[in-house]
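Pasting run.txt here (compact mmCIF, C-alpha atoms):
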# COMPACT_ATOMS: atom_id res chain seq x y z
CA MET Q 125 -21.08 -29.28 14.34
CA PRO Q 126 -23.70 -32.04 14.37
CA SER Q 127 -24.12 -33.74 11.03
CA GLY Q 128 -27.73 -32.58 10.74
CA VAL Q 129 -26.74 -28.90 10.85
CA HIS Q 130 -25.12 -28.96 7.39
CA GLY Q 131 -27.84 -28.10 4.92
CA GLY Q 132 -28.24 -26.73 1.43
CA GLY Q 133 -26.87 -23.32 2.41
CA CYS Q 134 -23.82 -24.57 4.31
CA ALA Q 135 -20.66 -22.66 3.41
CA CYS Q 136 -18.22 -23.93 6.04
CA GLY Q 137 -15.19 -25.98 5.10
CA ASP Q 138 -15.46 -29.02 7.36
CA CYS Q 139 -17.64 -31.13 5.06
CA PRO Q 140 -17.54 -31.79 1.29
CA HIS Q 141 -20.87 -30.09 0.66
CA GLY Q 142 -19.83 -27.05 2.67
CA ALA Q 143 -16.52 -26.75 0.78
CA ARG Q 144 -18.31 -26.94 -2.57
CA GLU Q 145 -20.91 -24.40 -1.52
CA GLY Q 146 -18.28 -22.05 -0.11
CA HIS Q 147 -16.27 -22.23 -3.34
CA ARG Q 148 -19.37 -21.65 -5.46
CA ARG Q 149 -20.31 -18.56 -3.48
CA ALA Q 150 -16.76 -17.18 -3.61
CA VAL Q 151 -16.62 -17.63 -7.39
CA ALA Q 152 -20.00 -15.97 -7.85
CA ALA Q 153 -18.95 -13.00 -5.68
CA PHE Q 154 -15.66 -12.62 -7.58
CA LEU Q 155 -17.33 -12.69 -11.00
CA ARG Q 156 -19.91 -10.17 -9.88
CA ARG Q 157 -17.20 -7.86 -8.56
CA ARG Q 158 -15.06 -8.23 -11.67
CA ASP Q 159 -17.96 -7.37 -13.98
CA GLU Q 160 -18.80 -4.33 -11.83
CA PHE Q 161 -15.26 -3.03 -12.13
CA ALA Q 162 -15.25 -3.77 -15.86
CA ALA Q 163 -18.36 -1.58 -16.20
CA GLY Q 164 -16.71 1.24 -14.23
CA GLN Q 165 -18.81 0.74 -11.11
CA GLY Q 166 -17.75 0.46 -7.48
CA LEU Q 167 -14.74 2.79 -7.65
CA PRO Q 168 -14.21 5.02 -4.61
CA ALA Q 169 -14.18 8.76 -5.24
CA ALA Q 170 -10.60 9.05 -3.94
CA VAL Q 171 -9.17 7.12 -6.91
CA ALA Q 172 -11.80 7.70 -9.59
CA HIS Q 173 -10.06 10.85 -10.87
CA SER Q 174 -6.82 9.02 -11.74
CA ALA Q 175 -6.69 6.26 -14.33
CA SER Q 176 -3.49 4.75 -12.92
CA ALA Q 177 -4.70 4.95 -9.32
CA SER Q 178 -8.07 3.41 -10.15
CA ARG Q 179 -6.38 0.63 -12.15
CA GLN Q 180 -4.07 -0.16 -9.25
CA TRP Q 181 -6.92 -0.12 -6.75
CA VAL Q 182 -9.09 -2.40 -8.90
CA SER Q 183 -6.18 -4.79 -9.40
CA GLU Q 184 -5.53 -5.04 -5.65
CA GLU Q 185 -9.22 -5.61 -4.89
CA LEU Q 186 -9.51 -8.31 -7.52
CA ALA Q 187 -6.28 -9.98 -6.37
CA GLN Q 188 -7.57 -10.20 -2.79
CA SER Q 189 -10.92 -11.55 -3.95
CA ALA Q 190 -9.20 -14.05 -6.24
CA GLU Q 191 -7.04 -15.28 -3.37
CA LEU Q 192 -10.23 -16.05 -1.41
CA VAL Q 193 -11.56 -17.97 -4.42
CA ALA Q 194 -8.30 -19.93 -4.64
CA GLU Q 195 -8.41 -20.74 -0.93
CA ARG Q 196 -11.98 -21.98 -1.26
CA GLY Q 197 -10.97 -23.97 -4.33
CA ARG Q 198 -8.16 -25.70 -2.47
CA ALA Q 199 -10.54 -26.52 0.39
CA GLU Q 200 -13.02 -27.99 -2.09
CA GLY Q 201 -10.24 -30.01 -3.73
CA LYS Q 202 -9.16 -31.51 -0.39
CA ALA Q 203 -12.76 -32.35 0.53
CA TRP Q 204 -13.33 -33.88 -2.90
CA LEU Q 205 -10.22 -36.05 -2.59
CA ALA Q 206 -11.22 -37.15 0.91
CA ASP Q 207 -14.59 -38.31 -0.43
CA LEU Q 208 -13.18 -39.89 -3.59
CA TRP Q 209 -12.07 -43.13 -1.94
CA ARG Q 210 -15.70 -44.10 -1.26
CA ARG Q 211 -16.59 -43.51 -4.90
CA THR Q 212 -13.65 -45.52 -6.19
CA ALA Q 213 -14.47 -48.38 -3.84
CA GLY Q 214 -18.10 -48.25 -4.96
CA VAL Q 215 -17.09 -48.36 -8.64
CA VAL Q 216 -14.78 -51.32 -8.00
CA TRP Q 217 -17.45 -53.39 -6.24
CA ALA Q 218 -20.02 -52.41 -8.84
CA ALA Q 219 -17.67 -53.85 -11.46
CA VAL Q 220 -17.51 -57.09 -9.44
CA VAL Q 221 -21.31 -57.25 -9.35
CA LEU Q 222 -21.47 -56.66 -13.12
CA LEU Q 223 -18.93 -59.44 -13.64
CA LEU Q 224 -21.05 -61.79 -11.54
CA LEU Q 225 -24.18 -60.88 -13.50
CA GLY Q 226 -22.39 -61.39 -16.80
CA GLN Q 227 -21.07 -64.77 -15.71
CA SER Q 228 -24.51 -65.81 -14.49
CA LEU Q 229 -26.15 -64.87 -17.79
CA THR Q 230 -23.53 -66.64 -19.90
CA ALA Q 231 -23.74 -69.71 -17.65
CA VAL Q 232 -27.38 -70.28 -18.59
CA GLY Q 233 -27.38 -73.42 -20.69
CA ALA Q 234 -23.61 -73.88 -20.60
CA GLY Q 235 -23.42 -74.34 -16.83
CA TRP Q 236 -21.13 -72.90 -14.21
CA THR Q 237 -17.48 -73.75 -14.80
CA ALA Q 238 -14.28 -73.65 -12.80
CA ALA Q 239 -13.05 -70.79 -15.02
CA ARG Q 240 -16.00 -68.65 -13.91
CA THR Q 241 -15.26 -69.42 -10.28
CA ALA Q 242 -11.59 -68.50 -10.75
CA GLY Q 243 -12.52 -65.26 -12.53
CA LEU Q 244 -14.94 -64.25 -9.77
CA ALA Q 245 -12.42 -65.13 -7.05
CA ALA Q 246 -9.70 -63.11 -8.79
CA ALA Q 247 -12.09 -60.15 -9.07
CA LEU Q 248 -12.84 -60.36 -5.34
CA VAL Q 249 -9.12 -60.39 -4.51
CA VAL Q 250 -8.40 -57.39 -6.76
CA ALA Q 251 -11.43 -55.51 -5.42
CA GLY Q 252 -10.42 -56.18 -1.84
CA ALA Q 253 -6.87 -54.98 -2.50
CA LEU Q 254 -8.12 -51.80 -4.19
CA THR Q 255 -10.56 -51.13 -1.35
CA ALA Q 256 -7.80 -51.53 1.23
CA ALA Q 257 -5.55 -49.20 -0.77
CA SER Q 258 -8.39 -46.70 -0.99
CA TRP Q 259 -8.79 -46.75 2.79
CA PHE Q 260 -5.10 -46.24 3.53
CA HIS Q 261 -4.90 -43.40 0.98
CA ARG Q 262 -8.36 -41.99 1.64
CA ALA Q 263 -7.05 -38.46 2.20
CA LYS Q 264 -5.24 -38.41 -1.17
CA GLY Q 265 -7.78 -39.84 -3.58
CA GLY Q 266 -8.09 -43.47 -2.53
CA ALA Q 267 -7.08 -45.99 -5.17
CA LEU Q 268 -6.44 -43.15 -7.61
CA ALA Q 269 -3.65 -41.69 -5.45
CA PRO Q 270 -0.83 -43.35 -7.47
CA LEU Q 271 -2.36 -41.95 -10.67
CA ILE Q 272 -2.34 -38.31 -9.54
CA GLY Q 273 0.73 -36.38 -10.61
CA GLU Q 274 2.71 -33.78 -8.73
CA ASP Q 275 0.61 -31.06 -10.36
CA ASN Q 276 -2.56 -32.51 -8.77
CA ARG Q 277 -3.88 -33.77 -12.12
CA LEU Q 278 -4.64 -37.27 -13.30
CA SER Q 279 -1.61 -38.53 -15.19
CA THR Q 280 -2.38 -40.11 -18.56
CA SER Q 281 0.75 -42.26 -18.59
CA ARG Q 282 0.21 -43.53 -15.03
CA THR Q 283 -3.45 -44.28 -15.68
CA VAL Q 284 -2.72 -46.31 -18.81
CA ALA Q 285 0.10 -48.17 -17.06
CA GLY Q 286 -2.09 -48.78 -14.00
CA ALA Q 287 -4.87 -50.22 -16.16
CA TRP Q 288 -2.47 -52.69 -17.80
CA VAL Q 289 -0.95 -53.65 -14.44
CA LEU Q 290 -4.38 -54.39 -12.98
CA PHE Q 291 -5.39 -56.41 -16.03
CA VAL Q 292 -2.23 -58.53 -16.04
CA ALA Q 293 -2.51 -59.07 -12.27
CA TYR Q 294 -6.13 -60.15 -12.70
CA SER Q 295 -5.15 -62.54 -15.50
CA VAL Q 296 -2.45 -64.18 -13.38
CA LEU Q 297 -4.88 -64.50 -10.45
CA VAL Q 298 -7.38 -66.22 -12.76
CA LEU Q 299 -4.71 -68.73 -13.77
CA ALA Q 300 -3.73 -69.17 -10.11
CA GLY Q 301 -7.36 -69.93 -9.23
CA ARG Q 302 -7.61 -72.42 -12.07
CA LEU Q 303 -4.36 -74.03 -10.96
CA ALA Q 304 -5.55 -74.30 -7.34
CA GLY Q 305 -8.75 -76.02 -8.45
CA ALA Q 306 -7.15 -78.37 -10.98
CA SER Q 307 -7.08 -81.98 -9.80
CA ARG Q 308 -5.41 -83.73 -12.73
CA HIS Q 309 -1.74 -83.54 -13.52
CA THR Q 310 -2.36 -82.85 -17.21
CA ASP Q 311 -4.62 -79.87 -16.37
CA ARG Q 312 -1.96 -78.37 -14.13
CA ASP Q 313 0.70 -78.77 -16.80
CA ALA Q 314 -1.56 -77.09 -19.36
CA LEU Q 315 -2.18 -74.15 -17.04
CA LEU Q 316 1.52 -73.74 -16.32
CA SER Q 317 2.29 -73.80 -20.03
CA GLY Q 318 -0.22 -70.96 -20.42
CA LEU Q 319 2.19 -68.75 -18.48
CA GLU Q 320 5.05 -69.30 -20.91
CA LEU Q 321 6.48 -66.22 -22.58
CA ALA Q 322 5.65 -67.52 -26.05
CA ARG Q 323 1.93 -67.33 -25.18
CA GLY Q 324 1.92 -63.86 -23.58
CA ALA Q 325 4.84 -62.11 -25.25
CA GLY Q 326 2.61 -59.38 -26.68
CA VAL Q 327 0.97 -58.52 -23.36
CA VAL Q 328 4.28 -58.62 -21.50
CA THR Q 329 5.90 -56.31 -24.06
CA VAL Q 330 3.06 -53.81 -23.89
CA LEU Q 331 3.12 -53.91 -20.09
CA ALA Q 332 6.86 -53.24 -20.00
CA VAL Q 333 6.61 -50.36 -22.47
CA VAL Q 334 3.66 -48.54 -20.84
CA CYS Q 335 5.24 -48.85 -17.38
CA GLY Q 336 8.53 -47.56 -18.75
CA ILE Q 337 6.70 -44.67 -20.43
CA ALA Q 338 5.05 -43.74 -17.11
CA VAL Q 339 8.43 -43.58 -15.34
CA LEU Q 340 10.18 -41.82 -18.22
CA VAL Q 341 7.49 -39.17 -18.63
CA ARG Q 342 7.72 -38.25 -14.96
CA ARG Q 343 11.48 -37.85 -15.33
CA VAL Q 344 11.19 -35.85 -18.55
CA VAL Q 345 8.58 -33.47 -17.14
CA GLY Q 346 10.54 -32.98 -13.92
CA LEU Q 347 13.78 -32.16 -15.72
CA ARG Q 348 12.05 -29.78 -18.14
CA VAL Q 349 10.35 -27.94 -15.28
CA LEU Q 350 13.65 -27.58 -13.40
CA GLY Q 351 15.34 -26.43 -16.61
CA GLN Q 352 12.60 -23.80 -17.10
CA ARG Q 353 11.66 -25.30 -20.45
CA LEU Q 354 8.18 -26.28 -19.27
CA GLN Q 355 5.74 -24.31 -17.11
CA LYS Q 356 3.61 -26.27 -14.64
CA VAL Q 357 0.88 -24.79 -12.46
CA PRO Q 358 -0.87 -27.06 -9.89
CA ALA Q 359 -4.59 -27.67 -10.27
CA ASP Q 360 -7.14 -27.42 -7.47
CA ARG Q 361 -8.11 -31.08 -7.88
CA PRO Q 362 -7.77 -33.88 -10.43
CA ARG Q 363 -10.49 -34.41 -13.04
CA ALA Q 364 -11.25 -37.24 -15.45
CA ALA Q 365 -10.78 -34.82 -18.35
CA ASP Q 366 -7.08 -34.54 -17.41
CA LEU Q 367 -6.53 -37.84 -19.24
CA LEU Q 368 -7.42 -36.25 -22.59
CA THR Q 369 -6.46 -32.59 -22.19
CA ASP Q 370 -3.47 -30.41 -21.41
CA ASP Q 371 -3.12 -28.21 -18.33
CA ALA Q 372 -5.30 -25.53 -19.92
CA GLY Q 373 -8.16 -27.95 -20.54
CA ARG Q 374 -7.65 -28.22 -24.30
CA GLY Q 375 -7.80 -31.65 -25.91
CA THR Q 376 -4.41 -32.96 -27.04
CA PHE Q 377 -3.90 -35.45 -29.85
CA ALA Q 378 -1.05 -37.31 -28.14
CA ASP Q 379 -3.05 -38.00 -24.97
CA ILE Q 380 -6.31 -38.86 -26.73
CA GLN Q 381 -4.79 -41.37 -29.14
CA TYR Q 382 -2.78 -43.00 -26.32
CA VAL Q 383 -5.88 -43.48 -24.14
CA VAL Q 384 -8.10 -44.64 -27.02
CA ILE Q 385 -5.66 -47.15 -28.52
CA SER Q 386 -4.67 -48.53 -25.11
CA GLY Q 387 -8.34 -48.86 -24.15
CA VAL Q 388 -9.15 -50.74 -27.36
CA ALA Q 389 -6.19 -53.08 -26.83
CA LEU Q 390 -7.30 -53.72 -23.24
CA VAL Q 391 -10.81 -54.62 -24.39
CA PHE Q 392 -9.38 -57.02 -26.97
CA ALA Q 393 -7.12 -58.62 -24.35
CA ALA Q 394 -10.06 -58.97 -21.93
CA VAL Q 395 -12.09 -60.77 -24.61
CA ARG Q 396 -9.17 -63.10 -25.29
CA LEU Q 397 -8.91 -63.86 -21.58
CA ALA Q 398 -12.64 -64.62 -21.39
CA ARG Q 399 -12.35 -66.99 -24.37
CA ARG Q 400 -9.13 -68.65 -23.18
CA PRO Q 401 -8.95 -68.41 -19.37
CA ASP Q 402 -6.29 -71.14 -19.25
CA GLN Q 403 -3.45 -68.88 -20.49
CA LEU Q 404 -2.25 -65.30 -20.57
CA PRO Q 405 -4.06 -63.26 -23.23
CA ASP Q 406 -2.13 -63.76 -26.46
CA LEU Q 407 -2.21 -60.20 -27.74
CA PRO Q 408 -1.39 -60.32 -31.46
CA TRP Q 409 1.88 -58.69 -32.38
CA GLY Q 410 0.14 -56.41 -34.85
CA LEU Q 411 -2.03 -54.91 -32.10
CA ALA Q 412 0.94 -54.81 -29.72
CA VAL Q 413 2.97 -52.82 -32.25
CA VAL Q 414 0.06 -50.39 -32.65
CA VAL Q 415 0.11 -49.79 -28.88
CA LEU Q 416 3.89 -49.30 -28.97
CA VAL Q 417 3.59 -46.73 -31.77
CA SER Q 418 0.89 -44.94 -29.77
CA ALA Q 419 3.13 -44.90 -26.70
CA ALA Q 420 6.03 -43.49 -28.75
CA THR Q 421 3.74 -40.76 -30.11
CA TYR Q 422 2.65 -39.86 -26.59
CA LEU Q 423 6.26 -39.66 -25.40
CA ALA Q 424 7.22 -37.48 -28.36
CA GLY Q 425 4.32 -35.19 -27.52
CA LYS Q 426 5.65 -34.77 -24.00
CA TYR Q 427 9.05 -33.76 -25.38
CA ALA Q 428 7.46 -31.29 -27.80
CA GLU Q 429 5.04 -29.51 -25.44
CA GLY Q 430 5.80 -26.36 -23.52
CA GLY Q 431 8.58 -23.91 -24.08
CA ARG Q 432 10.21 -21.05 -22.24
CA PRO Q 433 8.42 -17.67 -22.27
CA VAL Q 434 10.16 -15.02 -24.30
CA ILE Q 435 10.12 -11.22 -24.63
CA LEU Q 436 10.20 -10.11 -28.26
CA SER Q 437 9.87 -6.35 -27.85
CA VAL Q 438 9.09 -3.59 -25.35
CA VAL Q 439 7.40 -0.38 -26.51
CA ARG Q 440 5.84 2.66 -24.90
CA SER Q 441 2.09 2.30 -24.49
CA ARG Q 442 0.26 5.05 -26.36
CA GLU Q 443 -3.37 6.03 -26.03
CA ALA Q 444 -5.36 8.00 -28.59
CA GLY Q 445 -4.28 11.63 -28.58
CA ASP Q 446 -0.92 11.07 -26.88
CA LEU Q 447 2.24 12.42 -28.46
CA ASP Q 448 4.96 10.06 -29.56
CA GLY Q 449 8.04 10.05 -27.37
CA PRO Q 450 10.58 7.97 -25.46
CA ILE Q 451 9.85 5.84 -22.42
CA ARG Q 452 9.80 7.90 -19.22
CA THR Q 453 9.21 6.98 -15.61
CA GLY Q 454 5.47 6.83 -14.97
CA ASP Q 455 4.67 5.76 -18.54
CA ASP Q 456 3.03 2.46 -19.36
CA ILE Q 457 5.04 0.02 -21.42
CA GLU Q 458 3.80 -2.88 -23.52
CA ILE Q 459 5.81 -6.08 -23.28
CA ARG Q 460 5.19 -8.22 -26.33
CA GLY Q 461 6.20 -11.84 -26.54
CA ALA Q 462 4.85 -15.36 -25.97
CA GLY Q 463 4.21 -17.76 -23.12
CA PHE Q 464 3.52 -15.19 -20.39
CA VAL Q 465 0.44 -17.06 -19.09
CA PRO Q 466 1.22 -20.76 -18.49
CA PRO Q 467 -1.46 -23.38 -19.27
CA GLY Q 468 -3.78 -23.67 -16.30
CA ALA Q 469 -2.88 -20.20 -14.96
CA GLN Q 470 -5.84 -18.33 -16.41
CA GLY Q 471 -7.35 -17.81 -12.95
CA ALA Q 472 -7.10 -14.35 -11.41
CA ASP Q 473 -5.12 -15.63 -8.41
CA ARG Q 474 -2.45 -16.98 -10.79
CA LEU Q 475 -2.44 -13.89 -13.00
CA ALA Q 476 -1.96 -11.67 -9.95
CA ARG Q 477 1.35 -13.43 -9.21
CA MET Q 478 2.99 -12.26 -12.40
CA VAL Q 479 5.88 -9.85 -11.88
CA VAL Q 480 7.93 -7.70 -14.25
CA ARG Q 481 11.45 -6.66 -13.28
CA VAL Q 482 12.22 -3.18 -14.56
CA GLY Q 483 15.82 -2.67 -13.63
CA ALA Q 484 16.00 -3.45 -9.91
CA VAL Q 485 12.32 -2.74 -9.27
CA HIS Q 486 9.72 -5.51 -9.19
CA VAL Q 487 6.38 -4.44 -10.65
CA HIS Q 488 3.28 -6.58 -10.16
CA VAL Q 489 1.27 -6.83 -13.37
CA PRO Q 490 -2.08 -5.07 -12.80
CA LEU Q 491 -5.31 -6.95 -13.49
CA VAL Q 492 -7.47 -5.05 -15.98
CA PRO Q 493 -10.99 -6.53 -16.00
CA VAL Q 494 -13.25 -6.69 -19.04
CA PRO Q 495 -16.63 -8.40 -19.35
CA GLY Q 496 -15.95 -12.13 -19.13
CA GLY Q 497 -12.25 -11.97 -18.28
CA PHE Q 498 -9.13 -9.79 -18.24
CA SER Q 499 -7.44 -7.79 -20.96
CA ASN Q 500 -4.21 -7.62 -18.97
CA PRO Q 501 -2.17 -9.72 -18.49
CA ALA Q 502 -2.40 -11.79 -21.67
CA ASP Q 503 -0.28 -14.62 -23.00
CA THR Q 504 1.37 -12.42 -25.62
CA LEU Q 505 1.07 -8.92 -24.14
CA LEU Q 506 1.64 -7.31 -20.74
CA THR Q 507 1.12 -3.67 -19.82
CA VAL Q 508 2.85 -2.32 -16.71
CA PRO Q 509 3.84 1.17 -15.51
CA VAL Q 510 7.47 2.21 -15.25
CA PRO Q 511 7.87 3.00 -11.52
CA ALA Q 512 9.40 6.26 -10.36
CA ASP Q 513 12.18 4.34 -8.58
CA VAL Q 514 13.71 3.31 -11.91
CA GLU Q 515 16.82 5.31 -12.65
CA PRO Q 516 16.99 6.92 -16.11
CA GLY Q 517 19.25 5.16 -18.56
CA ARG Q 518 19.43 1.67 -20.03
CA VAL Q 519 17.56 -0.85 -17.91
CA GLU Q 520 16.66 -4.49 -18.43
CA VAL Q 521 13.09 -5.79 -18.45
CA GLN Q 522 12.28 -9.37 -17.46
CA VAL Q 523 8.98 -11.16 -16.86
CA VAL Q 524 8.45 -13.76 -14.12
CA THR Q 525 5.37 -15.90 -14.86
CA ALA Q 526 2.95 -17.46 -12.40
CA ALA Q 527 4.90 -20.74 -12.68
CA GLY Q 528 8.08 -18.99 -11.54
CA VAL Q 529 9.77 -19.18 -14.94
CA GLU Q 530 11.85 -16.18 -16.04
CA THR Q 531 11.98 -14.83 -19.57
CA ASN Q 532 15.01 -13.45 -21.35
CA ARG Q 533 16.22 -9.95 -20.42
CA TYR Q 534 15.31 -7.13 -22.79
CA ALA Q 535 17.11 -3.80 -22.60
CA VAL Q 536 15.21 -0.50 -22.96
CA ASP Q 537 16.17 3.14 -22.56
CA VAL Q 538 14.34 5.19 -19.91
CA THR Q 539 14.66 8.97 -20.04
CA GLU Q 540 13.87 11.61 -17.45
Write out the structure in this file as structure tokens.
Amino acid sequence: MPSGVHGGGCACGDCPHGAREGHRRAVAAFLRRRDEFAAGQGLPAAVAHSASASRQWVSEELAQSAELVAERGRAEGKAWLADLWRRTAGVVWAAVVLLLLGQSLTAVGAGWTAARTAGLAAALVVAGALTAASWFHRAKGGALAPLIGEDNRLSTSRTVAGAWVLFVAYSVLVLAGRLAGASRHTDRDALLSGLELARGAGVVTVLAVVCGIAVLVRRVVGLRVLGQRLQKVPADRPRAADLLTDDAGRGTFADIQYVVISGVALVFAAVRLARRPDQLPDLPWGLAVVVLVSAATYLAGKYAEGGRPVILSVVRSREAGDLDGPIRTGDDIEIRGAGFVPPGAQGADRLARMVVRVGAVHVHVPLVPVPGGFSNPADTLLTVPVPADVEPGRVEVQVVTAAGVETNRYAVDVTE
């Protein structure tokens, strides 16, 4: 389509605005339909007489509508990533302009120095490299592509490590520029001595630790996911809030303190570089140790998060007026436990993927809408019917979550 055809009401998926608009409309239609079903409206007469039939029909309708929302969300995420490289490149060059303005203002009265020239040249080199990387990875987030994890979220450990790598690279480029412009032998010797380990031991130690944390966290998360000790659900697209929150969007102490303390240390190191551009920033050991403690806390948080879902009990679901009795085929059962809904799987398309094995029969967990959300499934409680194909006797019940993680098996007795 010609570029002028896409307007405010575009809902196609071949442009970023169209993908966003299509996703917005799909979400609005799904919420409207969910609230109608929650109010008991929109049910066909053929299933309205049966509670189980109407529940199953509503669940199927909502699952199909949620799948459309998820498809639109993935299209919006791809379009957003494809457009992100321009934004990252713009932010990088805006930072260069701000650096130039800051140098110009501080040069008033003091005069322009070789250190300012080296700093501006190093910024141009870094900006050019980031812009080139953004172009080559323009379909995957531009310069942010290395910072996006396998779950399509911004990785806190990679972002912190990437910030320190860029800062150290910029510092070395500043020294290289100073060295290239130095004419006297004594000046060159002084600049070379500024690269000695005794001057930059704190920065080098912090750089090594944060890079090691980034690699180790990826390994730890991967092994825990494969061992079914951690549930991971991919996101539609990365967000800046991912740096401070868990997969469910809740703020986490380990991530927040790691980002804040690393950011403060980076600001301090940048000030030291501005004051002494003839050597690597001499980060004090006290501040370096604070960063190391923060990194250890973040790593410990990664080991502590998550956990395998577990079934604690299975009971017969009883409504008001029902007689007490054993579990029979056709009855609803309540599965009580923890961890049934992984973080980030609160969307209807994820909830619709949950399955309960009752013996050899796989039962999809029905979606039960209520105003503003769903009452079933929940993180600690699932309600499913016992299918007629289940043979009477002792059978095992097992839940398979949206992340593909299986719970323990729980034995129940089913009578005729």
Given only C-alpha atoms as the counted atoms, nearest of Q:Ala304, Q:Val417, Q:Ala245, Q:Ala269 to Q:Trp209: Q:Ala269
Two-atom distance - atom CA of Q:Ala247, atom CA of Q:Tyr294 (Å):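 It comes out at 7.0 Å.
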Contacts of stretch 365-374 of chain Q within 12 Å, all atoms listed in the file, excl. fewer than 2 positions in-chain, as an MDAnalysis selection string: chainID Q and resid 271:273 275:284 354:363 376:384 422 425:426 429:430 465:471
For stretch 227-241 of chain Q: contacts at 9 Å, all atoms listed in the file, fewer than 2 positions along chain excluded, given as JSON, numbers by chain: {"Q": [222, 223, 224, 225, 243, 244, 245, 246, 298, 299, 301, 302, 305, 306, 398, 401, 402]}
Atomic distance atom CA of Q:Val171 - atom CA of Q:Gly454, expressed in Å with one decimal: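 Computing the Euclidean distance for atom CA of Q:Val171 and atom CA of Q:Gly454 yields 16.7 Å.
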Residue neighbourhood Q:Asp513, 10 Å, all atoms listed in the file, exclusion window fewer than 3 positions, as a list in words: Thr453, Gly454, Val482, Gly483, Ala484, Val485, Val510 and Pro516 of chain Q
Residue among Q:Arg308, Q:Lys264, Q:Arg149, Q:Arg440 lying closest to Q:Asp456, counting only C-alpha atoms: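 Nearest to Q:Asp456: Q:Arg440.
Here atom CA of Q:Glu274 is placed at a distance of 21.0 Å from atom CA of Q:Leu475.
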Nearest candidate to Q:Val328 (options Q:Leu404, Q:Gly387, Q:Ala194, Q:Val344; using all atoms listed in the file): Q:Leu404
Exercise: Q:Arg396 partners within 8 Å, all atoms listed in the file, chain neighbours under 3 positions left out, as a list in words: Phe392, Ala393, Arg399, Arg400, Pro401, Pro405, Asp406 and Leu407 of chain Q
Those same residues, written as a PDB file, in the frame of the given file with C-alpha atoms?
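New file part.pdb:
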ATOM      1  CA  PHE Q 392      -9.380 -57.020 -26.970  1.00  0.00           C
ATOM      2  CA  ALA Q 393      -7.120 -58.620 -24.350  1.00  0.00           C
ATOM      3  CA  ARG Q 399     -12.350 -66.990 -24.370  1.00  0.00           C
ATOM      4  CA  ARG Q 400      -9.130 -68.650 -23.180  1.00  0.00           C
ATOM      5  CA  PRO Q 401      -8.950 -68.410 -19.370  1.00  0.00           C
ATOM      6  CA  PRO Q 405      -4.060 -63.260 -23.230  1.00  0.00           C
ATOM      7  CA  ASP Q 406      -2.130 -63.760 -26.460  1.00  0.00           C
ATOM      8  CA  LEU Q 407      -2.210 -60.200 -27.740  1.00  0.00           C
TER       9      LEU Q 407
END
Nearest-residue call for Q:Asp313, choices Q:Glu185, Q:Val250, Q:Val479, Q:Gln403, using only C-alpha atoms: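 Nearest candidate to Q:Asp313 out of Q:Glu185, Q:Val250, Q:Val479, Q:Gln403: Q:Gln403.
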